[in-house]
Amino acid sequence: MLRSVEQRRVAGGREDPRVTELRSAVSRLRRQLAAHPAEFPDRSIAEEELAALDAMALSGTPEIPRLRRSLLLIAGAIGSVSALGGGLRDVRDAVDLFGPSPRN
């Protein structure tokens with residue numbers, strides 16, 4: 001199967017740097033979310049979507065529309081929790097490495 005140049009693994013079997021950044025950002029936000037003491041109604045949605053992002057990153061070839069969908073769900077679920085804002089911003093920046101957000 002052919003992959004685009006942007007999604008090809010780097011020579012020597014190393015991960016695409018964008019995938020590495022996405023996995024790191026997702027991991028940090030998952031840790032922050034786990035450590036956050038307050039319960040909020042959509043916490044489970046955020047946890048599920050972070051797990052989905054991690055699984056997509058592990059596959060090595062994440063689908064950009066699915067990445068963006070998960071990002072929107074996570075933002076909606078934890079967007080009002082200011083303590084998680086930095087971690088959410090890092091995940092958004094990592095998703096943006098895969099291509100610009102479509103503009104209408």
# chains A, B, ... in the order shown; residues from 1 in each chain; ligands from 1
>>> residues_around(residues="region 77-87 of chain A", least_positions_apart="4", cutoff="10 Å", atoms="only C-alpha atoms", output="PDB file with N, CA, C and O atoms, in the first residue's frame")
ATOM      1  N   ALA A  25       1.694  14.750  23.238  1.00  0.00           N
ATOM      2  CA  ALA A  25       0.671  15.703  23.684  1.00  0.00           C
ATOM      3  C   ALA A  25      -0.537  14.984  24.271  1.00  0.00           C
ATOM      4  O   ALA A  25      -1.074  15.392  25.303  1.00  0.00           O
ATOM      5  N   VAL A  26      -0.946  13.899  23.627  1.00  0.00           N
ATOM      6  CA  VAL A  26      -2.085  13.124  24.131  1.00  0.00           C
ATOM      7  C   VAL A  26      -1.747  12.522  25.488  1.00  0.00           C
ATOM      8  O   VAL A  26      -2.557  12.565  26.421  1.00  0.00           O
ATOM      9  N   SER A  27      -0.551  11.990  25.622  1.00  0.00           N
ATOM     10  CA  SER A  27      -0.132  11.388  26.890  1.00  0.00           C
ATOM     11  C   SER A  27      -0.130  12.420  28.017  1.00  0.00           C
ATOM     12  O   SER A  27      -0.614  12.145  29.127  1.00  0.00           O
ATOM     13  N   ARG A  28       0.391  13.611  27.733  1.00  0.00           N
ATOM     14  CA  ARG A  28       0.414  14.664  28.760  1.00  0.00           C
ATOM     15  C   ARG A  28      -0.998  15.045  29.184  1.00  0.00           C
ATOM     16  O   ARG A  28      -1.282  15.171  30.377  1.00  0.00           O
ATOM     17  N   LEU A  29      -1.896  15.228  28.198  1.00  0.00           N
ATOM     18  CA  LEU A  29      -3.259  15.621  28.547  1.00  0.00           C
ATOM     19  C   LEU A  29      -3.978  14.495  29.291  1.00  0.00           C
ATOM     20  O   LEU A  29      -4.740  14.756  30.219  1.00  0.00           O
ATOM     21  N   ARG A  30      -3.723  13.258  28.928  1.00  0.00           N
ATOM     22  CA  ARG A  30      -4.335  12.142  29.659  1.00  0.00           C
ATOM     23  C   ARG A  30      -3.891  12.130  31.112  1.00  0.00           C
ATOM     24  O   ARG A  30      -4.696  11.898  32.018  1.00  0.00           O
ATOM     25  N   ARG A  31      -2.606  12.392  31.352  1.00  0.00           N
ATOM     26  CA  ARG A  31      -2.100  12.449  32.730  1.00  0.00           C
ATOM     27  C   ARG A  31      -2.722  13.609  33.490  1.00  0.00           C
ATOM     28  O   ARG A  31      -3.106  13.474  34.651  1.00  0.00           O
ATOM     29  N   GLN A  32      -2.821  14.772  32.846  1.00  0.00           N
ATOM     30  CA  GLN A  32      -3.435  15.935  33.486  1.00  0.00           C
ATOM     31  C   GLN A  32      -4.893  15.662  33.824  1.00  0.00           C
ATOM     32  O   GLN A  32      -5.361  16.022  34.905  1.00  0.00           O
ATOM     33  N   LEU A  33      -5.595  15.040  32.901  1.00  0.00           N
ATOM     34  CA  LEU A  33      -7.005  14.722  33.125  1.00  0.00           C
ATOM     35  C   LEU A  33      -7.156  13.721  34.269  1.00  0.00           C
ATOM     36  O   LEU A  33      -8.021  13.879  35.132  1.00  0.00           O
ATOM     37  N   HIS A  36      -6.689  15.484  37.547  1.00  0.00           N
ATOM     38  CA  HIS A  36      -7.631  16.561  37.857  1.00  0.00           C
ATOM     39  C   HIS A  36      -8.683  16.033  38.835  1.00  0.00           C
ATOM     40  O   HIS A  36      -9.368  15.056  38.554  1.00  0.00           O
ATOM     41  N   ALA A  38     -11.575  17.249  40.013  1.00  0.00           N
ATOM     42  CA  ALA A  38     -13.014  17.494  39.825  1.00  0.00           C
ATOM     43  C   ALA A  38     -13.611  16.559  38.786  1.00  0.00           C
ATOM     44  O   ALA A  38     -12.995  16.269  37.765  1.00  0.00           O
ATOM     45  N   PHE A  40     -16.566  16.089  36.043  1.00  0.00           N
ATOM     46  CA  PHE A  40     -17.430  16.919  35.229  1.00  0.00           C
ATOM     47  C   PHE A  40     -18.172  16.009  34.265  1.00  0.00           C
ATOM     48  O   PHE A  40     -17.721  14.894  33.979  1.00  0.00           O
ATOM     49  N   PRO A  41     -19.316  16.435  33.763  1.00  0.00           N
ATOM     50  CA  PRO A  41     -20.224  15.540  33.047  1.00  0.00           C
ATOM     51  C   PRO A  41     -19.621  14.820  31.844  1.00  0.00           C
ATOM     52  O   PRO A  41     -19.941  13.662  31.605  1.00  0.00           O
ATOM     53  N   ASP A  42     -18.744  15.476  31.100  1.00  0.00           N
ATOM     54  CA  ASP A  42     -18.231  14.885  29.859  1.00  0.00           C
ATOM     55  C   ASP A  42     -16.819  14.324  29.986  1.00  0.00           C
ATOM     56  O   ASP A  42     -16.146  14.089  28.988  1.00  0.00           O
ATOM     57  N   ARG A  43     -16.393  14.084  31.211  1.00  0.00           N
ATOM     58  CA  ARG A  43     -15.035  13.569  31.424  1.00  0.00           C
ATOM     59  C   ARG A  43     -14.807  12.247  30.676  1.00  0.00           C
ATOM     60  O   ARG A  43     -13.763  12.051  30.062  1.00  0.00           O
ATOM     61  N   SER A  44     -15.788  11.362  30.705  1.00  0.00           N
ATOM     62  CA  SER A  44     -15.613  10.064  30.041  1.00  0.00           C
ATOM     63  C   SER A  44     -15.472  10.228  28.529  1.00  0.00           C
ATOM     64  O   SER A  44     -14.733   9.477  27.888  1.00  0.00           O
ATOM     65  N   ILE A  45     -16.149  11.219  27.958  1.00  0.00           N
ATOM     66  CA  ILE A  45     -16.011  11.476  26.518  1.00  0.00           C
ATOM     67  C   ILE A  45     -14.578  11.899  26.214  1.00  0.00           C
ATOM     68  O   ILE A  45     -13.962  11.412  25.257  1.00  0.00           O
ATOM     69  N   ALA A  46     -14.037  12.800  27.020  1.00  0.00           N
ATOM     70  CA  ALA A  46     -12.658  13.248  26.823  1.00  0.00           C
ATOM     71  C   ALA A  46     -11.691  12.074  26.935  1.00  0.00           C
ATOM     72  O   ALA A  46     -10.780  11.929  26.112  1.00  0.00           O
ATOM     73  N   GLU A  47     -11.887  11.226  27.940  1.00  0.00           N
ATOM     74  CA  GLU A  47     -11.007  10.072  28.131  1.00  0.00           C
ATOM     75  C   GLU A  47     -11.081   9.119  26.947  1.00  0.00           C
ATOM     76  O   GLU A  47     -10.054   8.625  26.461  1.00  0.00           O
ATOM     77  N   GLU A  49     -11.993   9.798  23.809  1.00  0.00           N
ATOM     78  CA  GLU A  49     -11.431  10.401  22.599  1.00  0.00           C
ATOM     79  C   GLU A  49      -9.911  10.519  22.679  1.00  0.00           C
ATOM     80  O   GLU A  49      -9.223  10.377  21.670  1.00  0.00           O
ATOM     81  N   LEU A  71     -10.524  15.814  18.284  1.00  0.00           N
ATOM     82  CA  LEU A  71     -10.106  17.070  18.903  1.00  0.00           C
ATOM     83  C   LEU A  71     -11.318  17.926  19.273  1.00  0.00           C
ATOM     84  O   LEU A  71     -11.387  18.473  20.372  1.00  0.00           O
ATOM     85  N   LEU A  72     -12.290  18.009  18.382  1.00  0.00           N
ATOM     86  CA  LEU A  72     -13.497  18.787  18.671  1.00  0.00           C
ATOM     87  C   LEU A  72     -14.269  18.207  19.856  1.00  0.00           C
ATOM     88  O   LEU A  72     -14.766  18.949  20.710  1.00  0.00           O
ATOM     89  N   LEU A  73     -14.378  16.888  19.905  1.00  0.00           N
ATOM     90  CA  LEU A  73     -15.084  16.258  21.018  1.00  0.00           C
ATOM     91  C   LEU A  73     -14.356  16.491  22.347  1.00  0.00           C
ATOM     92  O   LEU A  73     -14.991  16.764  23.376  1.00  0.00           O
ATOM     93  N   VAL A  91      -2.428  19.432  22.314  1.00  0.00           N
ATOM     94  CA  VAL A  91      -3.024  18.405  21.443  1.00  0.00           C
ATOM     95  C   VAL A  91      -3.480  19.049  20.138  1.00  0.00           C
ATOM     96  O   VAL A  91      -3.247  18.512  19.053  1.00  0.00           O
ATOM     97  N   ARG A  92      -4.113  20.215  20.237  1.00  0.00           N
ATOM     98  CA  ARG A  92      -4.555  20.908  19.021  1.00  0.00           C
ATOM     99  C   ARG A  92      -3.366  21.229  18.120  1.00  0.00           C
ATOM    100  O   ARG A  92      -3.407  21.015  16.905  1.00  0.00           O
ATOM    101  N   ASP A  93      -2.283  21.721  18.698  1.00  0.00           N
ATOM    102  CA  ASP A  93      -1.089  22.035  17.914  1.00  0.00           C
ATOM    103  C   ASP A  93      -0.526  20.783  17.247  1.00  0.00           C
ATOM    104  O   ASP A  93      -0.076  20.828  16.098  1.00  0.00           O
TER     105      ASP A  93
END
>>> residues_around(residues="Glu63 (chain A)", least_positions_apart="3", cutoff="12 Å", atoms="only C-alpha atoms", output="ChimeraX atom specification")
/A:3-4,7,19,52-53,55-60,66-70,95,98-99
>>> closest_residue(among="A:Ile74, A:Leu22, A:Leu88, A:Leu97", to="Leu50 (chain A)", atoms="only C-alpha atoms")
A:Ile74
>>> select_by_dssp(residues="chain A", states="alpha helix (DSSP H)", output="PyMOL selection string")
chain A and resi 17-35+43-59+64-78+85-96
